[in-house]
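Worksheet: one structure, shown below.
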Amino acid sequence: MLEKLPADANESLPWAVLLHDIAKPVTAERDAATGKIHFYGHEKVGADMAEKILQRLRFPKKQTEEIVTCIKNHMQFKDVKQMRKATLRRLLMRETFPLELELHRLDCLGSFGDLEHFNFLLEQADELKNQPAIRPPLLTGNDLIELGVAPGKKLGELLHELREKQLADEIKTPDEARDWVKKSAQV
């Protein structure tokens, strides 16, 4: 993977490469039925291990968080084609997505050489760039309160569901969002 690093690589990328599978030895388990070795949860354990290492090496906090985020999320990329649209969009909109994507590319090249998911994500990211900005939520908690939704758990659930519908392109405008809230909350 290190041999395949681009010359202009982000300074966090080599560290993400070196540390992304650091927990495989401590999470290795042999399946009694098949004899295969699995590394369940190595990304979470590895993120914790990497954070401690980077802190010990006195890395800047922001860079440590960036590297740890890449390590923690690197196994999500194998599932991108099965993700719901809203989940995929959240992945694409993460601040660390470009670094995570490059780690994924190098991981693929270093193992099986299959860039199918990488290419899919490039297409999805390109498609997202060509759409109107959807980052800001269509409505806020204050907007829902003005519509008659009482503060509390129900309000939070409505905001979450509304955001999911927005990211899935089911609701595209504030007016559509208000109509949906009125029907859903029965206000």
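By order in the structure tokens, chains are A, B, ...; within a chain, residues start at 1; ligands start at 1, following the order shown.
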Excluding range 97-105 of chain A and its own-chain neighbours fewer than 2 positions away, which residues fall within 7 Å of it when counting only C-alpha atoms? Please give them as a compact mmCIF listing (two decimals) with all heavy atoms, in the first residue's frame.
# COMPACT_ATOMS: atom_id res chain seq x y z
N LEU A 13 -2.42 10.25 5.19
CA LEU A 13 -2.65 8.99 4.49
C LEU A 13 -1.64 7.90 4.84
O LEU A 13 -2.05 6.76 5.11
CB LEU A 13 -2.72 9.22 2.98
CG LEU A 13 -3.09 8.01 2.14
CD1 LEU A 13 -4.45 7.42 2.54
CD2 LEU A 13 -3.12 8.40 0.65
N VAL A 17 -2.70 4.31 6.42
CA VAL A 17 -2.30 3.04 5.79
C VAL A 17 -1.61 2.16 6.81
O VAL A 17 -1.93 0.97 6.94
CB VAL A 17 -1.37 3.31 4.57
CG1 VAL A 17 -0.68 2.04 4.12
CG2 VAL A 17 -2.17 3.92 3.42
N CYS A 70 -10.65 7.66 9.72
CA CYS A 70 -10.40 6.79 8.55
C CYS A 70 -10.32 5.32 8.97
O CYS A 70 -10.87 4.44 8.30
CB CYS A 70 -9.11 7.20 7.86
SG CYS A 70 -9.25 8.75 6.97
N HIS A 74 -13.07 2.40 7.79
CA HIS A 74 -12.57 1.78 6.56
C HIS A 74 -13.31 0.51 6.14
O HIS A 74 -13.32 0.17 4.96
CB HIS A 74 -11.05 1.56 6.61
CG HIS A 74 -10.58 0.34 7.31
ND1 HIS A 74 -10.37 0.29 8.66
CD2 HIS A 74 -10.25 -0.88 6.83
CE1 HIS A 74 -9.92 -0.91 8.98
NE2 HIS A 74 -9.85 -1.64 7.89
N LEU A 91 -21.98 9.33 4.06
CA LEU A 91 -20.60 8.90 3.88
C LEU A 91 -19.88 9.86 2.93
O LEU A 91 -18.78 10.32 3.20
CB LEU A 91 -20.57 7.47 3.35
CG LEU A 91 -19.20 6.83 3.15
CD1 LEU A 91 -19.31 5.34 3.44
CD2 LEU A 91 -18.67 7.03 1.76
N LEU A 92 -20.51 10.18 1.81
CA LEU A 92 -19.91 11.05 0.80
C LEU A 92 -19.68 12.47 1.31
O LEU A 92 -18.79 13.18 0.84
CB LEU A 92 -20.79 11.10 -0.45
CG LEU A 92 -20.94 9.82 -1.25
CD1 LEU A 92 -22.05 9.94 -2.28
CD2 LEU A 92 -19.64 9.42 -1.91
N MET A 93 -20.49 12.89 2.26
CA MET A 93 -20.41 14.27 2.76
C MET A 93 -19.50 14.41 3.98
O MET A 93 -19.28 15.53 4.45
CB MET A 93 -21.82 14.79 3.09
CG MET A 93 -22.66 14.95 1.85
SD MET A 93 -24.29 15.72 2.07
CE MET A 93 -24.90 15.09 3.59
N ARG A 94 -18.94 13.30 4.46
CA ARG A 94 -18.03 13.41 5.60
C ARG A 94 -16.82 14.24 5.20
O ARG A 94 -16.31 14.12 4.08
CB ARG A 94 -17.56 12.03 6.07
CG ARG A 94 -18.59 11.27 6.84
CD ARG A 94 -18.02 10.12 7.63
NE ARG A 94 -17.42 9.06 6.86
CZ ARG A 94 -17.88 7.80 6.82
NH1 ARG A 94 -18.95 7.45 7.52
NH2 ARG A 94 -17.26 6.89 6.11
N GLU A 95 -16.35 15.03 6.12
CA GLU A 95 -15.17 15.86 5.86
C GLU A 95 -13.96 15.00 5.50
O GLU A 95 -13.14 15.40 4.68
CB GLU A 95 -14.87 16.69 7.12
CG GLU A 95 -13.78 17.70 6.94
CD GLU A 95 -13.54 18.53 8.19
OE1 GLU A 95 -14.48 18.74 8.97
OE2 GLU A 95 -12.39 18.95 8.38
N ASP A 107 -6.03 0.18 -0.10
CA ASP A 107 -6.32 -1.12 0.52
C ASP A 107 -6.71 -2.13 -0.55
O ASP A 107 -6.26 -3.28 -0.53
CB ASP A 107 -7.42 -0.95 1.56
CG ASP A 107 -7.45 -2.05 2.61
OD1 ASP A 107 -6.52 -2.89 2.66
OD2 ASP A 107 -8.41 -2.06 3.40
N CYS A 108 -7.52 -1.71 -1.49
CA CYS A 108 -7.93 -2.60 -2.60
C CYS A 108 -6.73 -2.99 -3.44
O CYS A 108 -6.55 -4.17 -3.78
CB CYS A 108 -8.97 -1.92 -3.49
SG CYS A 108 -10.56 -1.68 -2.68
N LEU A 109 -5.92 -2.01 -3.80
CA LEU A 109 -4.75 -2.29 -4.63
C LEU A 109 -3.75 -3.18 -3.91
O LEU A 109 -3.08 -4.01 -4.54
CB LEU A 109 -4.07 -0.99 -5.06
CG LEU A 109 -4.85 -0.12 -6.04
CD1 LEU A 109 -4.12 1.20 -6.28
CD2 LEU A 109 -5.09 -0.86 -7.35
N LEU A 115 -11.20 -2.57 -7.78
CA LEU A 115 -11.58 -1.18 -7.51
C LEU A 115 -13.05 -0.90 -7.80
O LEU A 115 -13.44 0.26 -7.99
CB LEU A 115 -10.69 -0.23 -8.32
CG LEU A 115 -9.21 -0.23 -7.94
CD1 LEU A 115 -8.42 0.65 -8.88
CD2 LEU A 115 -9.02 0.21 -6.51
N PHE A 118 -14.56 1.45 -5.19
CA PHE A 118 -13.90 2.74 -5.34
C PHE A 118 -14.50 3.50 -6.52
O PHE A 118 -14.87 4.67 -6.40
CB PHE A 118 -12.39 2.53 -5.53
CG PHE A 118 -11.65 3.78 -5.87
CD1 PHE A 118 -11.30 4.69 -4.88
CD2 PHE A 118 -11.28 4.07 -7.17
CE1 PHE A 118 -10.62 5.86 -5.19
CE2 PHE A 118 -10.59 5.22 -7.49
CZ PHE A 118 -10.26 6.12 -6.50
> Where in chain A does DSSP assign strand (DSSP E), given as a PyMOL selection string?
Replying inline: chain A and resi 29-30+37-38
Next, write the just-selected residues to a file, as a compact mmCIF listing (two decimals), in the first residue's frame, keeping all heavy atoms as the atom set.
# COMPACT_ATOMS: atom_id res chain seq x y z
N GLU A 29 -9.82 -14.42 15.11
CA GLU A 29 -10.54 -15.59 15.63
C GLU A 29 -10.70 -16.59 14.51
O GLU A 29 -11.01 -16.24 13.39
CB GLU A 29 -11.94 -15.18 16.12
CG GLU A 29 -11.96 -14.28 17.33
CD GLU A 29 -13.39 -13.93 17.75
OE1 GLU A 29 -14.34 -14.58 17.27
OE2 GLU A 29 -13.53 -13.00 18.53
N ARG A 30 -10.51 -17.86 14.84
CA ARG A 30 -10.69 -18.91 13.85
C ARG A 30 -12.10 -19.47 13.96
O ARG A 30 -12.56 -19.83 15.03
CB ARG A 30 -9.66 -20.03 14.05
CG ARG A 30 -9.71 -21.10 12.97
CD ARG A 30 -8.59 -22.12 13.07
NE ARG A 30 -7.27 -21.53 13.00
CZ ARG A 30 -6.64 -21.22 11.87
NH1 ARG A 30 -7.22 -21.42 10.71
NH2 ARG A 30 -5.41 -20.71 11.90
N ILE A 37 -10.07 -17.51 9.32
CA ILE A 37 -9.77 -16.53 10.36
C ILE A 37 -10.54 -15.25 10.07
O ILE A 37 -10.58 -14.78 8.93
CB ILE A 37 -8.25 -16.24 10.42
CG1 ILE A 37 -7.51 -17.53 10.79
CG2 ILE A 37 -7.95 -15.13 11.42
CD1 ILE A 37 -6.01 -17.41 10.77
N HIS A 38 -11.19 -14.71 11.10
CA HIS A 38 -11.96 -13.47 10.99
C HIS A 38 -11.36 -12.42 11.93
O HIS A 38 -10.73 -12.76 12.93
CB HIS A 38 -13.42 -13.71 11.38
CG HIS A 38 -14.11 -14.71 10.51
ND1 HIS A 38 -14.54 -14.41 9.24
CD2 HIS A 38 -14.42 -16.01 10.72
CE1 HIS A 38 -15.09 -15.49 8.70
NE2 HIS A 38 -15.03 -16.47 9.58
>> Which residues are close to Leu155 in chain A, i.e. within 9 Å by only C-alpha atoms, leaving aside same-chain residues fewer than 6 positions away? Reply as a list in words.
In response: Gly141, Leu144, Ile145, Val149 and Ala185 of chain A
>> Need the shell around Leu162 in chain A: protein/DNA/RNA residues with any atom at most 8 Å away, counting only C-alpha atoms. Skip same-chain ones fewer than 5 positions apart. Format as a list in words?
In response: Ile171, Ala177 and Val181 of chain A
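Considering only C-alpha atoms, the residue among A:Ala16, A:Ala125, A:Leu2, A:Ala28 positioned nearest to Thr69 in chain A is A:Ala16.
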>> I need the residues of range 2-168 of chain A that end up classed as helix (DSSP H, G or I) by DSSP on the backbone, written out as a VMD selection string.
In response: chain A and resid 2 to 4 13 to 19 24 to 27 42 to 56 61 to 82 85 to 93 97 to 110 116 to 129 141 to 146 153 to 167
> Between A:Pro6, A:Lys44, A:Asp126, A:Pro137, which one has atoms that come closest to Thr173 in chain A, using only C-alpha atoms?
Replying inline: A:Pro137
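Each of A:Arg89, A:Gly35, A:Val187, A:Gln124 was compared to Gln166 in chain A using only C-alpha atoms, and A:Arg89 turns out to be the nearest.
The shortest atom-to-atom distance to Ser12 in chain A, with only C-alpha atoms taken into account, belongs to A:Val68 out of A:Val68, A:Arg58, A:His42, A:Lys24.
Distances here use only C-alpha atoms; by that measure, the residue among A:Leu54, A:Leu147, A:Leu128, A:Ala23 closest to Lys85 in chain A is A:Leu128.
You will find CA of Glu127 in chain A at 14.9 Å from CA of Val80 in chain A.
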